[in-house]
Amino acid sequence: MVSTIRMFKLTSFYSLLPTLVLVFTAGLWGQLGQAALNPTDALLQKAIENSLSPGGHEALPTARAVRDIEPRSRLAHWLEAQNVLAASGLATQVKKGDLDLVRESEARLHRVPEGYLPANIIALAENLNIGRYLLLSDLSISRIYIFDLAQKKPSLVREIYSSIGLAGAVKLREGDRKTPIGVYRLMKEIRNPRPDGFLGDLAITLDYPNAEDRLAQRTGSGIWIHGVPQEVHVRPPRSSDGCLAVANADMEMIRNYVEFGKTHIVIAPSIQWLSPADWRLHQQERLSRMGMTQQSVQLTNQAVFFVSNSRPIVAIQRDPQGLRRMYWAQQQAAGPMLVEDL
């Protein structure tokens, strides 16, 4: 999609249909749910889908509805304008300055299949005591998912649109404007994090760099989840200095799911969604590489996470001595390659 977009200087919105519809139809479709989306995001998603549907008769009223409930949404106003032109029989136009809205539209088309589970959450003990909830970020589609860890299988409760680094991922050094990948704790909140309001009213800090980052000599600091200026709804998919930026209302909502010093976020380049049966097979295969089983995870009170094939598997353990993160090589290993006390 991105490589195709770069070719456009001035084009019709509807000439983008073949590319956007490919995203629309190639996603994991079937029985899908929107319950985890907030009302504004759910309506925006519907407006985009209606714009891509044959005829698109509901596209204009849906775009107007979302504009009414969130007048700061540039995407809602843009969709309304494009559909007004189309309804009038006039040629719609996508200018160079509109391409961030096309990219936001692409990101918002993704849905999670009902009942599917992320491959990035490998295993969960029943008595973790690392906070009830986990945040999981998919950088490829500008998403943060919030999961309830109260059961052996994670349960999706919220889905949030987020911006990532202007230069994308993966962060390697200070100032590269890339978002890191890895497993990090949410450490503290900062109210009014910047005097000019550019970061919104609230920020939550991450403990980047972790021990594995430092071992690999990745540098940088000040990686946060934060809000946006009051006059905007959200920022484009790639627009931060490396942080995760979300709508201000979503920022306040995230705060309700966080226990500072316990709750973690897994930031991944992408997420593979698996059926429950495939997820159990994936769980067994990954744990076997670590010389572990689901039973041993329960006995040792651990949570096990996958970031990417280029990074270690990360296990978090809580015992009477405290909390630790353990980093396991991807290949068969007799023990962790690195242990970090938290």
# chains A, B, ... in the order shown; residues from 1 in each chain; ligands from 1
>>> select_by_dssp(residues="range 55-218 of chain A", states="strand (DSSP E or B)", output="count of residues only")
46
>>> closest_atom_pairs(of="range 169-267 of chain A", to="range 307-319 of chain A", cutoff="8 Å", atoms="only C-alpha atoms", output="JSON lines")
{"residue": "A:Ile181", "atom": "CA", "partner": "A:Val307", "partner_atom": "CA", "distance": 7.1}
{"residue": "A:Gly182", "atom": "CA", "partner": "A:Val307", "partner_atom": "CA", "distance": 5.9}
{"residue": "A:Val183", "atom": "CA", "partner": "A:Val314", "partner_atom": "CA", "distance": 7.2}
{"residue": "A:Val266", "atom": "CA", "partner": "A:Val307", "partner_atom": "CA", "distance": 6.9}
{"residue": "A:Ile267", "atom": "CA", "partner": "A:Val307", "partner_atom": "CA", "distance": 6.9}
>>> write_last_selection(atoms="C-alpha atoms", output="short mmCIF file (atom, residue, chain, number, x, y, z; two decimals), in the first residue's frame")
data_model
loop_
_atom_site.label_atom_id
_atom_site.label_comp_id
_atom_site.auth_asym_id
_atom_site.auth_seq_id
_atom_site.Cartn_x
_atom_site.Cartn_y
_atom_site.Cartn_z
CA ILE A 181 10.13 -3.18 19.77
CA GLY A 182 10.28 -5.29 22.91
CA VAL A 183 8.59 -5.88 26.26
CA VAL A 266 4.58 -5.78 24.19
CA ILE A 267 5.55 -3.66 21.17
#
>>> closest_residue(among="A:Asp176, A:Asp196, A:Glu189, A:Glu126", to="Asn301 in chain A", atoms="only C-alpha atoms")
A:Glu126
>>> closest_residue(among="A:Ala169, A:Leu90, A:Val228, A:Val234", to="Ser73 in chain A", atoms="only C-alpha atoms")
A:Val234
>>> residues_around(residues="Gln272 in chain A", least_positions_apart="5", cutoff="10 Å", atoms="only C-alpha atoms", output="PyMOL selection string")
chain A and resi 116-120+138+279
>>> residues_around(residues="range 172-174 of chain A", least_positions_apart="4", cutoff="8 Å", atoms="only C-alpha atoms", output="ChimeraX atom specification")
/A:178,180,217-221
>>> write_last_selection(atoms="C-alpha atoms", output="PDB file, in the first residue's frame")
ATOM      1  CA  LYS A 178      11.812   5.161  15.453  1.00  0.00           C
ATOM      2  CA  PRO A 180      11.311   0.417  19.741  1.00  0.00           C
ATOM      3  CA  GLN A 217      23.697  -1.246  22.558  1.00  0.00           C
ATOM      4  CA  ARG A 218      20.398   0.312  21.542  1.00  0.00           C
ATOM      5  CA  THR A 219      20.233   3.849  22.880  1.00  0.00           C
ATOM      6  CA  GLY A 220      17.597   6.484  23.528  1.00  0.00           C
ATOM      7  CA  SER A 221      15.137   7.364  26.266  1.00  0.00           C
TER       8      SER A 221
END
>>> atom_distance(atom1="CA of Ala36 in chain A", atom2="CA of Arg255 in chain A")
16.1 Å
>>> select_by_dssp(residues="range 146-328 of chain A", states="alpha helix (DSSP H)", output="ChimeraX atom specification")
/A:211-215,248-255,276-289,294-300
>>> residues_around(residues="Lys262 in chain A", least_positions_apart="4", cutoff="10 Å", atoms="only C-alpha atoms", output="PyMOL selection string")
chain A and resi 129-134+184-187+258+318+323+342
>>> write_last_selection(atoms="N, CA and C atoms", output="PDB file, in the first residue's frame")
ATOM      1  N   ASN A 129       0.223 -11.849  38.991  1.00  0.00           N
ATOM      2  CA  ASN A 129       0.488 -10.658  39.798  1.00  0.00           C
ATOM      3  C   ASN A 129       1.434  -9.690  39.079  1.00  0.00           C
ATOM      4  N   ILE A 130       1.199  -9.511  37.769  1.00  0.00           N
ATOM      5  CA  ILE A 130       1.928  -8.475  37.024  1.00  0.00           C
ATOM      6  C   ILE A 130       0.922  -7.463  36.465  1.00  0.00           C
ATOM      7  N   GLY A 131      -0.168  -7.302  37.174  1.00  0.00           N
ATOM      8  CA  GLY A 131      -1.243  -6.460  36.668  1.00  0.00           C
ATOM      9  C   GLY A 131      -2.233  -7.319  35.904  1.00  0.00           C
ATOM     10  N   ARG A 132      -3.497  -6.960  35.995  1.00  0.00           N
ATOM     11  CA  ARG A 132      -4.516  -7.775  35.352  1.00  0.00           C
ATOM     12  C   ARG A 132      -4.488  -7.643  33.834  1.00  0.00           C
ATOM     13  N   TYR A 133      -3.974  -6.505  33.320  1.00  0.00           N
ATOM     14  CA  TYR A 133      -4.081  -6.234  31.893  1.00  0.00           C
ATOM     15  C   TYR A 133      -2.703  -6.138  31.235  1.00  0.00           C
ATOM     16  N   LEU A 134      -2.695  -6.399  29.942  1.00  0.00           N
ATOM     17  CA  LEU A 134      -1.492  -6.289  29.124  1.00  0.00           C
ATOM     18  C   LEU A 134      -1.816  -5.442  27.905  1.00  0.00           C
ATOM     19  N   TYR A 184       8.112  -4.022  27.739  1.00  0.00           N
ATOM     20  CA  TYR A 184       8.458  -2.939  28.650  1.00  0.00           C
ATOM     21  C   TYR A 184       7.377  -2.760  29.718  1.00  0.00           C
ATOM     22  N   ARG A 185       7.811  -2.276  30.885  1.00  0.00           N
ATOM     23  CA  ARG A 185       6.855  -1.931  31.943  1.00  0.00           C
ATOM     24  C   ARG A 185       6.348  -0.505  31.743  1.00  0.00           C
ATOM     25  N   LEU A 186       5.113  -0.271  32.186  1.00  0.00           N
ATOM     26  CA  LEU A 186       4.565   1.075  32.254  1.00  0.00           C
ATOM     27  C   LEU A 186       4.886   1.598  33.655  1.00  0.00           C
ATOM     28  N   MET A 187       5.655   2.683  33.713  1.00  0.00           N
ATOM     29  CA  MET A 187       6.298   3.054  34.967  1.00  0.00           C
ATOM     30  C   MET A 187       5.579   4.137  35.770  1.00  0.00           C
ATOM     31  N   VAL A 258      -3.930   0.384  33.876  1.00  0.00           N
ATOM     32  CA  VAL A 258      -2.502   0.315  34.197  1.00  0.00           C
ATOM     33  C   VAL A 258      -2.266   0.285  35.697  1.00  0.00           C
ATOM     34  N   ARG A 318       7.021 -13.605  38.571  1.00  0.00           N
ATOM     35  CA  ARG A 318       6.850 -12.986  39.879  1.00  0.00           C
ATOM     36  C   ARG A 318       6.999 -14.068  40.937  1.00  0.00           C
ATOM     37  N   LEU A 323      10.081  -9.287  40.937  1.00  0.00           N
ATOM     38  CA  LEU A 323       9.698  -9.431  39.537  1.00  0.00           C
ATOM     39  C   LEU A 323      10.942  -9.430  38.667  1.00  0.00           C
ATOM     40  N   LEU A 342      13.647  -6.549  38.241  1.00  0.00           N
ATOM     41  CA  LEU A 342      12.899  -5.301  38.092  1.00  0.00           C
ATOM     42  C   LEU A 342      12.551  -4.701  39.452  1.00  0.00           C
TER      43      LEU A 342
END
>>> atom_distance(atom1="CA of His282 in chain A", atom2="CA of Leu338 in chain A")
23.3 Å
>>> residues_around(residues="Ala249 in chain A", least_positions_apart="5", cutoff="12 Å", atoms="only C-alpha atoms", output="ChimeraX atom specification")
/A:38-41,70,160-161,200-202,226-230,232-234,254-256
>>> write_last_selection(atoms="C-alpha atoms", output="short mmCIF file (atom, residue, chain, number, x, y, z; two decimals), in the first residue's frame")
data_model
loop_
_atom_site.label_atom_id
_atom_site.label_comp_id
_atom_site.auth_asym_id
_atom_site.auth_seq_id
_atom_site.Cartn_x
_atom_site.Cartn_y
_atom_site.Cartn_z
CA ASN A 38 -14.63 3.15 20.99
CA PRO A 39 -17.72 4.60 19.24
CA THR A 40 -15.77 7.19 17.22
CA ASP A 41 -13.28 4.65 15.87
CA GLU A 70 -15.77 14.13 16.69
CA ILE A 160 -6.97 1.78 20.09
CA TYR A 161 -5.59 3.60 17.05
CA GLY A 200 -1.83 16.11 25.35
CA ASP A 201 -2.75 16.11 29.02
CA LEU A 202 -1.27 12.76 30.00
CA HIS A 226 1.00 10.06 25.25
CA GLY A 227 -1.87 12.15 23.95
CA VAL A 228 -2.15 14.73 21.19
CA PRO A 229 -2.82 18.49 20.95
CA GLN A 230 -6.33 19.45 22.02
CA VAL A 232 -6.77 17.42 16.83
CA HIS A 233 -8.41 14.01 17.15
CA VAL A 234 -5.39 11.84 16.31
CA ILE A 254 -5.63 3.43 28.99
CA ARG A 255 -4.77 4.84 32.41
CA ASN A 256 -7.66 2.85 33.89
#
>>> residues_around(residues="Ala65 in chain A", least_positions_apart="4", cutoff="10 Å", atoms="only C-alpha atoms", output="ChimeraX atom specification")
/A:40,43-44,47,59-61,69-71,76,80
>>> atom_distance(atom1="CA of Arg289 in chain A", atom2="CA of Leu124 in chain A")
16.5 Å
>>> closest_residue(among="A:Pro336, A:Gly175, A:Pro193, A:Pro236", to="Val102 in chain A", atoms="only C-alpha atoms")
A:Pro236
>>> closest_residue(among="A:Leu274, A:Ala123, A:Ala211, A:Leu136", to="Met326 in chain A", atoms="only C-alpha atoms")
A:Ala211
>>> decode(residues="range 305-323 of chain A", atoms="N, CA and C atoms", output="short mmCIF file (atom, residue, chain, number, x, y, z; two decimals), in the first residue's frame")
data_model
loop_
_atom_site.label_atom_id
_atom_site.label_comp_id
_atom_site.auth_asym_id
_atom_site.auth_seq_id
_atom_site.Cartn_x
_atom_site.Cartn_y
_atom_site.Cartn_z
N PHE A 305 6.14 -14.12 26.27
CA PHE A 305 5.75 -13.27 25.15
C PHE A 305 6.74 -13.39 23.98
N PHE A 306 6.18 -13.24 22.78
CA PHE A 306 6.97 -13.24 21.54
C PHE A 306 6.92 -11.85 20.94
N VAL A 307 8.08 -11.30 20.59
CA VAL A 307 8.16 -9.96 19.99
C VAL A 307 8.30 -10.08 18.47
N SER A 308 9.36 -10.75 18.03
CA SER A 308 9.60 -10.99 16.61
C SER A 308 10.66 -12.07 16.49
N ASN A 309 10.84 -12.58 15.28
CA ASN A 309 11.84 -13.63 15.07
C ASN A 309 13.26 -13.13 15.28
N SER A 310 13.45 -11.82 15.30
CA SER A 310 14.79 -11.25 15.47
C SER A 310 15.10 -10.92 16.93
N ARG A 311 14.15 -11.18 17.83
CA ARG A 311 14.35 -10.84 19.23
C ARG A 311 14.12 -12.05 20.12
N PRO A 312 14.70 -12.05 21.32
CA PRO A 312 14.48 -13.17 22.24
C PRO A 312 13.01 -13.29 22.65
N ILE A 313 12.61 -14.49 23.03
CA ILE A 313 11.34 -14.68 23.71
C ILE A 313 11.49 -14.12 25.13
N VAL A 314 10.47 -13.43 25.62
CA VAL A 314 10.56 -12.78 26.92
C VAL A 314 9.59 -13.43 27.89
N ALA A 315 10.12 -13.86 29.04
CA ALA A 315 9.30 -14.42 30.10
C ALA A 315 9.36 -13.48 31.31
N ILE A 316 8.21 -13.23 31.92
CA ILE A 316 8.13 -12.40 33.11
C ILE A 316 7.69 -13.29 34.26
N GLN A 317 8.41 -13.20 35.36
CA GLN A 317 8.14 -14.08 36.50
C GLN A 317 8.02 -13.26 37.78
N ARG A 318 7.02 -13.61 38.57
CA ARG A 318 6.85 -12.99 39.88
C ARG A 318 7.00 -14.07 40.94
N ASP A 319 7.91 -13.88 41.88
CA ASP A 319 8.07 -14.81 42.99
C ASP A 319 8.32 -14.01 44.26
N PRO A 320 8.50 -14.66 45.43
CA PRO A 320 8.68 -13.90 46.67
C PRO A 320 9.87 -12.93 46.64
N GLN A 321 10.84 -13.18 45.78
CA GLN A 321 12.01 -12.30 45.69
C GLN A 321 11.75 -11.07 44.83
N GLY A 322 10.65 -11.07 44.07
CA GLY A 322 10.34 -9.91 43.24
C GLY A 322 9.97 -10.28 41.82
N LEU A 323 10.08 -9.29 40.94
CA LEU A 323 9.70 -9.43 39.54
C LEU A 323 10.94 -9.43 38.67
#
